[in-house]
Every structure is written in structure tokens, then in C-alpha cells.
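> Just passing along the structure, written as C-alpha cells.
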Amino acid sequence: MTGIMSSRTTVIIGVVGLIAVIGLTFVLEPFRNYQLATIAAYLCAVAGLTMLTGVNGQLSLGHAALMACGAYCYAFTANGLAEQEIEGPVLLIVPIIAAVVGATVLGLVIGLAAARLHGPYLAGVTLAFVIALPAVTSRFSDVFGGDQGLWITVERRPEFLAGRGGTEMFQAWVAIACAAVVVVLLRNLMRSNFGRQMRAVRDNEVAAALAGINVARTKVIAFTVSSAAAGIGGAVMAFMTQSASPGAFNLFISLFLLMAAVIGGIGTLYGALWGSILLVVLPDVIGSITRGLSLSPEVAQRLDGNLAVGLFGAVMVLVVIVAPFGIQGLVRKAGHQIRSRGSLQSAPHPK
Amino acid sequence: MELERFIFLTVDGLARGAVYAAFALSLVLIWRAARIVNFSQGAIAMAATYIAFVVTSMTGNYWLGLVAALLGGAAIGLIVERGVMRFVSPVNPLNSVIAALGVLLVIQAVVGMLFGNGYYPMAVPFSQEPLPWLAGLSISAYDLFVFVCVAFVVLGLAVLFGKTNVGLRMRAAAFSPELARLLGVRSTRMITLGWMLASAISGLAALLVIPTELGLNPHATDLVFVYAFTIAVVGGLDSAPGAVIGGLVVGVLLSWVSGYLGATLSPVAVLVLLLAVLLIKPGGIFSVTKERTA
């Protein structure tokens with residue numbers, strides 16, 4: 001992310017983009033607003049994962065379970081507050097904070113173990129973690145509501161919005177606000193001294209340690225921060241669907257998050273944005289194409305979902321082999337070419 | 001009554017553990033050949049089982065299906081290695097994990113598109129009722145069949161790597177690919193062979209274990225893969241005997257946990273075991289090397 005765009009440009013792009021997206025929520029139909037909110041919820045988790053995997057070199061398949069942790073913490077807090085007949089902004093903000101705290105604590109515990117593991121071992125442990133999640137929720141079904149999960153009392157849209165937009169618009173606002181906070185904080189973290197330490201640990205742990213970096217501490221903090229981001233994503237999901245269930249946060253979601261990070265361009269927040277958009281838009285596009293083909297109901301049912309998953313998998317493999325910097329890498333390359341065509345005395349570009 | 005239940009759980013755990021051991025062996029094979037933990041192994045095995053299922057349904061013969069699972073598994077292993085994994089840059093070890101996960105998604109999606117996401121019950125060639133002439137041990141004919149199959153795999157691998165020329169070449173290629181190549185071993189071909197062998201074995205393991213569970217489904221091997229990964233790590237990813245012993249031990253442990261503490265707790269027990277081994281003895285219980293770098 002560094003070097004090409006100045007800090008000020010990024011801030012301007014961010015503010016303009018944010019205003020544009022908020023403006024968009026006024027013109028989109030409710031279903032599109034819901035999709036927009038889903039993109040923002042994914043973005044929280046994908047941004048956290050792309051920092052962890054791309055910048056710090058820790059591959060986690062457990063982020064769906066961390067999202068689930070956020071969702072359940074949100075559910076417990078929101079239902080508890082609703083029982084006390086507390087409403088208003090408190091019913092929205094306190095559960096989200098609780099989700100962040102819960103996911104942070106869980107992330108810290110996993111991160112402490114993860115700091116001692118490398119590459120495929122961490123991936124395997126976090127995989128076991130996400131697979132074990134339904135076992136925990138069904139074992140303690142009186143707390144977690146078993147396979148059905150929990151219904152959540154959420155804060156409804158404020159009264160002043162009643163004439164202007166639907167519930168979906170309010171959901172989109174909340175989701176976008178959360179995603180904006182996550183992205184800004186992660187961006188600053190990745191550009192800070194700590195960001196450099198994370199990169200140093202990723203590239204060579206021994207060298208990083210010799211340079212005076214506390215390797216284990218860096219890895220634990222990276223995992224904890226990333227978990228907190230996933231927790232916010234889970235809380236937003238819980239807020240939108242008004243439920244928290246183990247089925248909504250299975251292995252597939254973990255793989256989807258990784259896919260979004262990799263395809264978008266691992267280690268970059270722009271990449272996380274492209275990937276999150278793709279996660280929501282591509283299945284939708286494929287769905288409308290297959291509906292247009294007037295297939296038999298049975299074939300359509302088989303293609304539904306599977307086609308998008310297969311395409312995602314294939315693209316992820318292709319990205320790893322052919323374009324390791326993902327969509328964002330291609331965008332930057334295109335940007336370079338346009339710029340170098342504009343100026344006659346273009347210097348050779350880094351990467 | 002208590003003792004009978006204990007024996008039943010132990011024997012059942014041994015039978016399952018034998019299958020998990022075979023699956024773990026396939027992970028060890030690929031690790032030794034290519035230094036890759038193959039996260040798509042479960043999907044490859046699942047696809048091979050679908051091939052066996054189709055062949056058995058068409059011919060009505062279980063044994064043709066079993067052969068089809070072995071050949072189909074080897075073919076898928078060949079395609080995955082030559083088509084995808086060979087081109088993944090080894091510079092970053094995460095790349096091969098991500099690529100394998102992509103392959104997993106593609107295979108599951110393709111199988112889902114061809115067969116749907118429903119469950120198919122699968123027939124077994126032998127009865128799963130306890131044998132009367134082994135009263136008190138509650139071993140079924142199918143359990144015996146599983147033990148024989150796995151023993152055949154283990155012995156076959158021992159002979160292959162210990163006694164044959166091909167096995168020696170495979171070991172050389174795994175130990176030092178460049179040096180082996182200079183000595184006339186076609187290292188890349190040996191790696192491909194390792195993948196084919198491993199995929200055939202995992203296909204057999206899936207074919208043996210899936211009929212005893214809910215049935216054939218694109219996700220039928222998700223949990224089995226986690227068990228096998230745990231076993232491979234417990235045994236030490238480099239160690240074939242470790243995988244076999246680890247498989248039997250973990251199988252029995254899981255059977256006890258699900259029998260005495262509740263069936264749903266097995267995945268949690270696996271997670272605890274995996275964490276404990278990795279944190280206390282990260283080289284695995286049977287590993288000879290002091291430290292492992294992935």
C-alpha cells in the first residue's frame with residue numbers, strides 16, 4: 001500500500017467513497033441495500049484476515065468461528081439489554097462492543113497458541129477449531145440454542161428514517177460505519193511501525209528477532225487484532241439477520257473469507273474490498289444467469305451455490321499461480337501503465 | 001455390561017482408527033514427497049468414493065467399485081499434482097495451502113453439481129453385525145475387512161519403500177530432489193507418483209469409512225480430514241509408523257470420548273489433542289527431528 005499514493009490521496013478517496021456509498025443507500029432498493037450491508041460485514045472480517053495472512057504470514061481458517069463468537073456475544077448482550085427494556089443506541093452499540101471484546105479474548109487465546117505454530121500447522125488447528133464449533137453449540141444447546149441458534153432482539157431503525165428508507169437502509173448504514181472504522185484502524189496499524197514489524201516477522205522470523213522484534217508478541221497481537229475485526233463482522237451479520245447460529249459460520253465461510261482476501265490481493269485493504277464485493281456480487285450474477293437459462297428445477301438446484309463455489313475455487317488457484325497480487329495487483333499495474341503512458345520520462349517502476 | 005460397552009467402544013475405535021490411519025498415511029506420503037500438507041486430500045478421497053459409488057451402482061459389484069476408487073483416486077491425484085500443485089511457487093509455504101483449498105472448493109462444487117448435495121446411502125460387502133464366533137469382542141465381519149485392507153496398505157507401503165527400486169527412488173527424490181536428479185532419478189515424476197499413491201490410499205480409506213457414517217455427500221470427508229490431519233501431526237508428519245499407531249490411538253480415544261461423554265464432543269476432543277501435541281511436543285510423538293519448519 002505504501003509509496004504509490006500519498007496519505008492525503010488515500011484519505012480523500014476514503015471520504016469521497018464513504019459519502020458516495022452512503023448516498024447510494026438512498027437510491028438502492030431494499031434488497032440491494034441488504035447486499036451492500038453484507039459486503040460491509042464481510043469487509044470487516046476479510047480486512048482482518050488479509051492483515052493477518054498477507055502482512056503477518058499467519059493463515060487462519062478459523063475466522064468463521066471468530067465471527068460466530070462475535071455474533072453470539074452480540075446476541076447475548078442484545079437479548080440481555082432487551083430484557084431490561086433498554087432501547088435506542090445503547091441496544092446497538094453495547095452489543096457490538098461486547099462482540100469485539102469477546103472475539104478479542106478468544107483471539108488472544110488462539111493467538112497465544114498460534115504464535116508457536118507455522119504455516120500448515122496453524123491452518124490445520126484453526127480448521128479443527130471451526131469444525132468443532134457446531135459440536136460446542138449443540139453440546140451446550142441451552143446456552144447457544146443448538147443448531148437453530150439464537151434469535152436476537154435488535155435495535156430497529158430510528159423513527160426519523162421511517163419516511164425515507166427501509167430497515168435495510170439502516171442496516172447498511174450500521175454495517176458501513178463498522179467497516180469504515182475497521183478499515184481506518186487497520187490501515188493505520190498496517191502503516192505504522194507495528195506494520196513493519198509484522199512484515200519483518202512474516203518474511204523471516206530469525207532476522208526479525210535479531211533486529212530486536214519480539215516475534216511471538218507481534219504474532220499474538222496481529223492475531224488478536226484480526227480476531228477483533230472478525231468479531232465486528234460477526235456482530236454486523238447477527239444484527240442484519242437477527243440471529244446467531246453455527247450453520248451461518250461454517251468452514252465454507254472461513255474459506256470464503258480467505259478466498260476474498262486472496263482474489264482481491266492478499267495483504268492490501270483495497271484487495272479486501274474487491275474480494276468482499278466479489279463474494280456477494282458473483283453468486284448473485286451467476287444466479288441470475290442460471291435463472292435466465294430456464295434449466296430444469298433439479299439442475300438449477302444443483303448449480304445453485306455450487307457453480308459460484310467452484311468458480312471461486314478455480315479463480316483462487318489461478319490467482320495463486322498466475323497473479324499473486326490479485327485484483328488489486330492488476331489494478332495497480334493498469335494504473336502504472338496509464339501513468340507511464342502519460343509521462344515521457346517514466347522511471348522504471350518498483351514491481 | 002460396563003465391560004462389554006468398554007470392549008465394544010474400544011474395538012469400534014480400533015476399526016475407525018485403522019481407517020483414519022490409512023488416511024493419515026496418505027497425508028504423510030505427500031508431505032514426504034513434496035513437503036506439502038495437502039488440504040484437498042479429503043475432497044480427492046470424497047470424489048474417488050463417488051466414482052466407486054457410480055461403478056458399484058452400475059455393475060452391482062462392490063469389488064469393481066473398490067478398484068475404481070483406487071484408480072480414480074490415483075487419477076485425481078495425478079490431475080491435481082500435474083495440473084495445479086506443480087505450478088505453485090514454493091517460495092511461500094502458504095501458497096500451496098491456499099492452492100489446495102482452492103482445489104478442495106472446485107472438487108466439492110463439481111461433485112455437488114453432478115450429484116447434488118443430498119446423502120446417498122452406501123452398501124458394504126460384509127455384515128456390520130458382531131460375529132458370533134468372536135463373542136464378547138463385538139467385532140463385525142466388516143471390521144475385519146477394514147483391518148485387512150489397512151494392513152494390506154501398510155505392508156504394501158513398507159515393501160514399496162523398503163524393498164523396491166521405485167520406493168528407493170521416491171525416498172531419494174523426497175530426501176534431496178536435486179541430488180537425486182543428478183543421480184538419474186526423475187524427481188518430479190517421483191513426486192507425481194507419491195501424489196497418485198497417496199490419493200489412491202485416501203480414496204480407499206474414504207470408501208471404507210463413509211458407509212459407516214451418514215452416507216455419501218460432498219462434505220462426507222471434512223471431519224475425517226481433520227481427524228487424519230490430527231493423527232498425522234500426533235505421529236509426526238514425517239513418520240509412517242507414527243501415522244499408523246497414532247491412528248489407532250486417536251481412533252480409540254475418539255470412540256471413548258463419544259461413547260462416554262457424548263457423540264458430539266469428538267471434534268472438540270480432536271481440537272484439544274491437536275493443540276496439546278503441537279504446544280507440548282511440536283515434532284509429534286514419533287518424530288525423530290527436533291524441530292520442524294513448514
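Ligands are numbered from 1 in the order shown, residues from 1 within each chain, and chains are lettered A, B, ... in the order they appear in the C-alpha cells.
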At a cut-off of 8 Å, which residues of chain B touch chain A? Count only C-alpha atoms and give the answer as number ranges by chain.
B: 37, 84, 87-89, 93-95, 97-110, 112-117, 223, 226, 229, 264-268, 270-271, 274-275, 278-279, 293-294
> Please identify all polymer residues within 7 Å of stretch 227-238 of chain A, counting only C-alpha atoms, omitting same-chain residues fewer than 6 positions from it, and present them as JSON, numbers by chain.
{"A": [41, 42, 44, 45, 48, 63, 66, 67, 68, 69, 70, 71, 74, 96, 99, 100, 103, 104, 107, 175, 182, 244]}
> Interatomic distance between atom CA of A:Val215 and atom CA of B:Thr230?
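Computing it gives 26.0 Å between the two atoms.
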> Can you check which residues of stretch 104-213 of chain B DSSP gives as alpha helix (DSSP H) on the backbone and send them as a ChimeraX atom specification?
/B:104-115,141-163,165-175,177-182,187-209
> Near stretch 143-160 of chain B, within 7 Å and counting only C-alpha atoms, which residues show up once chain neighbours fewer than 3 positions away are dropped, as a ChimeraX atom specification?
/B:15,18-19,22,139-140,163-164,167,208
> Find the residues around B:Ile191 up to 6 Å (only C-alpha atoms counted), leave out those fewer than 3 positions away in its own chain, and share them as an MDAnalysis selection string.
chainID B and resid 33 188 194
> Take the residues just selected and output them with C-alpha atoms as a PDB file, in the first residue's frame.

ATOM      1  CA  ALA B  33       7.240 -36.394  -1.324  1.00  0.00           C
ATOM      2  CA  THR B 188       9.281 -34.681 -10.494  1.00  0.00           C
ATOM      3  CA  GLY B 194       3.665 -40.022  -4.455  1.00  0.00           C
TER       4      GLY B 194
END
> Go through B:Leu248, B:Leu71, B:Ala205, B:Ile210 one by one, measure the shortest atom-to-atom distance of each to B:Tyr120 using only C-alpha atoms, and give the residue with the smallest value.
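Counting only C-alpha atoms, the residue closest to B:Tyr120 is B:Ile210.
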